[in-house]
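Okay, structure first, notes after.
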Protein chains: 2
Amino acid sequence: MITFEIDKDSGIPVYLQIYSYIRDEIETGKIKSDEKLPSKRTLASHMNVSIVTVENAYGQLVAEGYIRSEAGRGFFAEKYEISVETEEKPKVSETYSEVKYNFGTNAADTSLFPFSVWAKLSRATLNEKTTDLLNSCDFRGLRQLREEISHHLRRFRGMDVSPDRIVIGAGSEYLIGMIIKLLGRDMAYGVENPGYRKIYDVFSINSSRVFPVPVDEQGASVSAISGFGINVLHVTPSHHFPLGVTMPVTRKQQLLKWSYEKSERYIIEDDCDCEFNYGSRPLPALQSYDRHGTVIYLNTFTRTIAPSVRIGYMILPERLMEKYNSKLSFYSCPVPVFEQFTLAKFISEGYFERHINRLKKVFRQRRDTLVNCIKNSPLAGVSQIFGDNSGIHILLKISNGMSQSELIETALKSGIKIHGISEYYSFPVYDIPENAVILGFSGIGCDDIAEAVEILSEIWKSED
Amino acid sequence: MITFEIDKDSGIPVYLQIYSYIRDEIETGKIKSDEKLPSKRTLASHMNVSIVTVENAYGQLVAEGYIRSEAGRGFFAEKYEISVETEEKPKVSETYSEVKYNFGTNAADTSLFPFSVWAKLSRATLNEKTTDLLNSCDFRGLRQLREEISHHLRRFRGMDVSPDRIVIGAGSEYLIGMIIKLLGRDMAYGVENPGYRKIYDVFSINSSRVFPVPVDEQGASVSAISGFGINVLHVTPSHHFPLGVTMPVTRKQQLLKWSYEKSERYIIEDDCDCEFNYGSRPLPALQSYDRHGTVIYLNTFTRTIAPSVRIGYMILPERLMEKYNSKLSFYSCPVPVFEQFTLAKFISEGYFERHINRLKKVFRQRRDTLVNCIKNSPLAGVSQIFGDNSGIHILLKISNGMSQSELIETALKSGIKIHGISEYYSFPVYDIPENAVILGFSGIGCDDIAEAVEILSEIWKSED
């Protein structure tokens, strides 16, 4: 009989846990081809879950071809050739065949991108540059692109940065890997908890000393950093994911002070989503306040151009740039010269800032729709919204008596995909908010938002 | 009418001479866009060559997009917008202001690359794919490209590899970093000594346990591996750099046997330069002999396409692919989707193999020129040539009483850049050959080779 422990705290819906368990058993051959599975009723009773939960799990397995249903006989494992077939095995949390409303936080709305402009600039690059496109560039990246990034940062972010200190790389995963090579893997690295799972994963695979830093209503907690003896702190001051906190200048100053207190202390400022600020003025970057060269600034074009364009950059303080130069300049810039030329054009000809403004407008509308719909629905009485003044997601706390997994599961049954906050705790803590969910709006339009909120307000009615 | 002198003694096939002549005329604008070319018959009679020869030349020009054939009307020059400066000396990463003859081993001759074809395919990619170019691909890389690589390896290298086990990355530096993340940085890694300096640097920055493996006349020494307790061995069996050794099958079998003897032993086969084999048949890859999944195969397009195209790939044994999937699939593929589509087209439409054949032909001519010039010069009496049966460099031992640095310095004073073998010993050994230098010919043409050898034979005269 199928037996495993359901993790009630994982935030992963129970039916998905059952689904993945059985899928794995089939893929590894532990459940043989044509083997009969327990009936829904038997399994439900055995696992102490509802029949509906088992139904959902079996339904998903049938849909994906792992098992088949034979009328009047029950469920049977399909023939499965044990191989690496990883292509068709996306992560559980990311796929659900019937999702109609996607509040996922990585969803990208590529229809917003001016592809025809990009294609036009790409063609121009092909015509204008020829051998330039075949020769490799500076290890820090193409000079033209570093200059354009420098100009953009001056205009858009008020930052004064020489192109000589900008290093271009293949996204933040790559750049963080390089930072750890630069500073040394034996430093104690602090990452926000909760935070982006991927960031935590990248730090853990590159260093053995990674510690959680709790996030309070102003951002990363200063006292916690000292407690763990952290040397290098990764923070997201513009808009914390998933809590939505924007770090006030007082906290920024406290963090800088911490970094100045001892030598070899650094802050990695991940300025992700700084472009999407709906308040009066964007707050200055931590990097702008830095007077002693302890801040490494990091940003990417993943959100602002496209996920497929793997270009990010970092700004190193002068001393670290010298160290990079002597220690890591044997690494070639991993981004093709062609993409760098095209992106440099896209920035220099004004398309990039126009596109950001457009995105910002669209996201603001979606944010407004989402917030207003919630406020004008029966959910208003049982919910609280956080982090809606910037970024592309909100945090929603629901006090209707339902647990986080119930919230997620009931939404998913109605075709609405949302994430629970507990997914983003890479380190377990005792006080994970039980009733908080994340609604991302980068991949869902206003009409769908309105429809989805209507459905949610129905299924999340207060249970009184 | 097209008129130039065919050089019957050059060793270059006549059709290629016609092809390059017309290509240059188009690139420099002497033949205008849409200008009609002479008919095959007319040109053949005019140049006093066979019609088949002209057909071959035109065929190549059509394939590379320089001219088009219009049914019933003949051949016309395609629109060609910018002149490729084919006469220009290729750029080299390490430039020396007065170097006239560059035997550097990283020099790239980008004029050999059919850029117009690449540009044509890039334009086609922009037209055919739109949103496909904006969405991210599988973490292993674009399916189409992995399939094309798999087909290419079957045709070209006799390897039978599922696209599911191919992982695309940003060059070998990136891929070796991922291999070390996969296997663990605490494994004992062995690198060939001498060998590529960059390979050693990448291993050292990613692991603290890197050991030298001496290379004898058959390749990496088996007894040395055991001595250091090495778990993972990096080797270059096709053509060792800088010694030029091609590993015989007996040594390959010995290495495989070593890898089977204990669990968690692996061989990283870097198949760099396997494309440039001038003997009867290319030797099978180590990977082809592997029966127990201990070989990780690695290759890149740096030499065969261009240094700026940062694309490489590795083939993982099934067990390691599963491990990669569970441990590292959170890393996105760092290569832009656009480049992957274009490269897939370049391979599937036959251009890649045609280009390799062309490169091989050119490099063989250069190799022949270099070897013959040396053999017919006064140097013959004081020198020995090694590693000339494949690859794009030779090792030259000079017994004229001069030290390695004297050899290099005197050459440089005459505008000739060569490298000494001692640069490639990452670990010091007591018996570094004092009089051995490396002559790379990837970035220097036949005429320059002949001139340079004449100068060398003068300045390296035996001192008696």
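Here's how to read the names in the structure tokens: chain A, B, ... by the order shown, residue numbers from 1 in each chain, ligand numbers from 1 in the order shown.
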Could you please write out, as JSON, numbers by chain, every residue of stretch 58-226 of chain A that DSSP assigns to alpha helix (DSSP H)? {"A": [58, 59, 60, 61, 62, 63, 115, 116, 117, 118, 119, 120, 121, 122, 123, 124, 125, 126, 127, 128, 143, 144, 145, 146, 147, 148, 149, 150, 151, 152, 153, 154, 155, 156, 157, 171, 172, 173, 174, 175, 176, 177, 178, 179, 180, 181, 182, 183, 197, 198, 199, 200, 201, 202, 203, 204, 205, 206, 222, 223, 224, 225, 226]}
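Excluding A:Gly443 itself and same-chain residues fewer than 5 positions from it, the residues having an atom within 6 Å of it are Ala107, Ala108 and Asp109 of chain A, counting only C-alpha atoms.
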Take the residues just selected and output them with all heavy atoms as a PDB file, in the first residue's frame.
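Result file selection01.pdb:
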```pdb
ATOM      1  N   ALA A 107       5.427  34.223 -13.811  1.00  0.00           N
ATOM      2  CA  ALA A 107       4.724  34.287 -15.082  1.00  0.00           C
ATOM      3  C   ALA A 107       5.156  35.559 -15.821  1.00  0.00           C
ATOM      4  O   ALA A 107       5.277  36.622 -15.231  1.00  0.00           O
ATOM      5  CB  ALA A 107       3.231  34.292 -14.841  1.00  0.00           C
ATOM      6  N   ALA A 108       5.419  35.411 -17.108  1.00  0.00           N
ATOM      7  CA  ALA A 108       5.854  36.570 -17.888  1.00  0.00           C
ATOM      8  C   ALA A 108       4.830  36.841 -18.988  1.00  0.00           C
ATOM      9  O   ALA A 108       4.295  35.924 -19.584  1.00  0.00           O
ATOM     10  CB  ALA A 108       7.215  36.310 -18.509  1.00  0.00           C
ATOM     11  N   ASP A 109       4.549  38.100 -19.215  1.00  0.00           N
ATOM     12  CA  ASP A 109       3.594  38.469 -20.242  1.00  0.00           C
ATOM     13  C   ASP A 109       4.391  39.009 -21.425  1.00  0.00           C
ATOM     14  O   ASP A 109       4.603  40.205 -21.577  1.00  0.00           O
ATOM     15  CB  ASP A 109       2.664  39.545 -19.680  1.00  0.00           C
ATOM     16  CG  ASP A 109       1.455  39.740 -20.579  1.00  0.00           C
ATOM     17  OD1 ASP A 109       1.519  39.315 -21.750  1.00  0.00           O
ATOM     18  OD2 ASP A 109       0.462  40.309 -20.106  1.00  0.00           O
TER      19      ASP A 109
END
```
Surrounding residues of A:Tyr297 excluding itself and chain neighbours under 3 positions, 10 Å, only C-alpha atoms, as a short mmCIF file (atom, residue, chain, number, x, y, z; two decimals) with N, CA, C and O atoms, in the first residue's frame:
```
data_model
loop_
_atom_site.label_atom_id
_atom_site.label_comp_id
_atom_site.auth_asym_id
_atom_site.auth_seq_id
_atom_site.Cartn_x
_atom_site.Cartn_y
_atom_site.Cartn_z
N ILE A 166 31.39 48.02 -14.09
CA ILE A 166 30.22 47.21 -14.40
C ILE A 166 30.68 45.89 -15.02
O ILE A 166 31.54 45.88 -15.89
N ILE A 267 27.56 44.11 1.30
CA ILE A 267 26.13 43.98 1.07
C ILE A 267 25.92 43.77 -0.43
O ILE A 267 26.45 44.54 -1.24
N ILE A 268 25.20 42.73 -0.79
CA ILE A 268 24.82 42.55 -2.19
C ILE A 268 23.41 43.10 -2.33
O ILE A 268 22.46 42.56 -1.76
N GLU A 269 23.29 44.22 -3.05
CA GLU A 269 21.98 44.83 -3.22
C GLU A 269 21.37 44.32 -4.52
O GLU A 269 21.82 44.68 -5.61
N ASP A 270 20.35 43.50 -4.39
CA ASP A 270 19.67 42.95 -5.56
C ASP A 270 18.51 43.89 -5.84
O ASP A 270 17.52 43.91 -5.12
N ASP A 271 18.62 44.69 -6.91
CA ASP A 271 17.66 45.77 -7.12
C ASP A 271 16.50 45.34 -8.01
O ASP A 271 15.88 46.16 -8.70
N ALA A 285 18.91 53.89 -4.39
CA ALA A 285 19.49 52.57 -4.09
C ALA A 285 20.42 52.69 -2.90
O ALA A 285 20.99 53.75 -2.64
N LEU A 286 20.56 51.60 -2.18
CA LEU A 286 21.55 51.50 -1.10
C LEU A 286 22.93 51.90 -1.63
O LEU A 286 23.69 52.61 -0.97
N GLN A 287 23.22 51.44 -2.83
CA GLN A 287 24.52 51.70 -3.46
C GLN A 287 24.83 53.19 -3.49
O GLN A 287 25.98 53.58 -3.35
N SER A 288 23.79 54.03 -3.67
CA SER A 288 24.02 55.48 -3.77
C SER A 288 24.50 56.08 -2.45
O SER A 288 25.12 57.14 -2.43
N THR A 294 31.33 49.14 0.10
CA THR A 294 30.96 47.82 0.65
C THR A 294 29.74 47.24 -0.07
O THR A 294 29.33 46.12 0.23
N TYR A 313 23.75 42.42 -14.71
CA TYR A 313 25.02 43.09 -14.50
C TYR A 313 25.22 43.36 -13.02
O TYR A 313 24.26 43.37 -12.24
N MET A 314 26.47 43.56 -12.65
CA MET A 314 26.74 43.97 -11.28
C MET A 314 27.71 45.14 -11.31
O MET A 314 28.44 45.34 -12.28
N ILE A 315 27.65 45.92 -10.24
CA ILE A 315 28.57 47.04 -10.09
C ILE A 315 29.44 46.73 -8.90
O ILE A 315 28.93 46.52 -7.79
N LEU A 316 30.73 46.67 -9.14
CA LEU A 316 31.64 46.34 -8.05
C LEU A 316 32.28 47.61 -7.51
O LEU A 316 32.62 48.51 -8.28
N PRO A 317 32.46 47.70 -6.18
CA PRO A 317 33.27 48.79 -5.62
C PRO A 317 34.69 48.67 -6.19
O PRO A 317 35.10 47.57 -6.58
#
```
Compile the contact shell of B:Thr300 as a PyMOL selection string: residues with an atom at most 9 Å away, counting only C-alpha atoms, same-chain residues fewer than 4 positions apart removed. chain B and resi 170-172+271-272+304+310-314
Could the residues in this selection be written to a file with C-alpha atoms, as a PDB file, in the first residue's frame?
```pdb
ATOM      1  CA  ALA B 170      28.004  29.226 -21.912  1.00  0.00           C
ATOM      2  CA  GLY B 171      31.309  27.650 -22.939  1.00  0.00           C
ATOM      3  CA  SER B 172      33.559  25.167 -21.204  1.00  0.00           C
ATOM      4  CA  ASP B 271      36.932  16.941 -27.180  1.00  0.00           C
ATOM      5  CA  CYS B 272      38.405  20.264 -28.160  1.00  0.00           C
ATOM      6  CA  THR B 304      34.271  26.026 -35.027  1.00  0.00           C
ATOM      7  CA  ARG B 310      29.524  31.425 -26.055  1.00  0.00           C
ATOM      8  CA  ILE B 311      27.952  28.035 -26.621  1.00  0.00           C
ATOM      9  CA  GLY B 312      29.229  24.704 -25.456  1.00  0.00           C
ATOM     10  CA  TYR B 313      27.589  21.480 -24.375  1.00  0.00           C
ATOM     11  CA  MET B 314      28.196  18.452 -22.254  1.00  0.00           C
TER      12      MET B 314
END
```
When the cut-off is 9 Å and we count only C-alpha atoms, which residues of chain A are near chain B, given as a PyMOL selection string? chain A and resi 83-87+108+110-111+113+115-116+119-120+122-123+126-137+170-171+173-174+181+198+201-202+205-206+305-311+327-328+330-339
Would you mind listing what lies within 8 Å of A:Thr369 as a PyMOL selection string, with only C-alpha atoms counted and same-chain residues fewer than 2 positions away left out? chain A and resi 365-367+371-373+446+449-450
Please, could you write that set of residues out with C-alpha atoms as a short mmCIF file (atom, residue, chain, number, x, y, z; two decimals), in the first residue's frame?
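Produced file result.cif, reproduced below:
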```cif
data_model
loop_
_atom_site.label_atom_id
_atom_site.label_comp_id
_atom_site.auth_asym_id
_atom_site.auth_seq_id
_atom_site.Cartn_x
_atom_site.Cartn_y
_atom_site.Cartn_z
CA GLN A 365 -3.44 49.15 -13.73
CA ARG A 366 -3.32 45.51 -12.80
CA ARG A 367 -2.29 46.36 -9.25
CA VAL A 371 -6.51 45.87 -4.97
CA ASN A 372 -9.84 47.52 -5.83
CA CYS A 373 -11.56 44.27 -6.69
CA CYS A 446 -7.09 43.06 -15.71
CA ILE A 449 -7.87 39.52 -12.35
CA ALA A 450 -11.44 40.76 -11.83
#
```
Would you mind listing what lies within 6 Å of stretch 221-230 of chain A as a ChimeraX atom specification, with only C-alpha atoms counted and same-chain residues fewer than 5 positions away left out? /A:188-190,214-215
Rank A:Glu458, A:Asp388, A:Asp368, A:Asp160 by their smallest atom-to-atom distance to A:Leu243, using only C-alpha atoms, and report the top residue only. A:Asp388
In stretch 193-328 of chain B, what's strand (DSSP E or B) per DSSP? Answer as JSON, numbers by chain? {"B": [193, 210, 211, 212, 213, 214, 215, 216, 219, 220, 232, 233, 234, 235, 266, 267, 268, 269, 270, 277, 295, 296, 297, 298, 299, 300, 312, 313, 314, 315]}
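The closest residue to B:Met402, picked from B:Val52, B:Val382, B:Ile179, B:Met47 and counting only C-alpha atoms, is B:Val382.
Across A:Leu255, A:Leu370, A:Ile180, A:Ala411, the tightest approach to A:Ile455 is made by A:Ala411 when counting only C-alpha atoms.
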If we count only C-alpha atoms, what is near stretch 428-431 of chain B at a cut-off of 12 Å, once residues fewer than 6 positions away on the same chain are taken out, given as a ChimeraX atom specification? /B:193-194,211-215,421-422
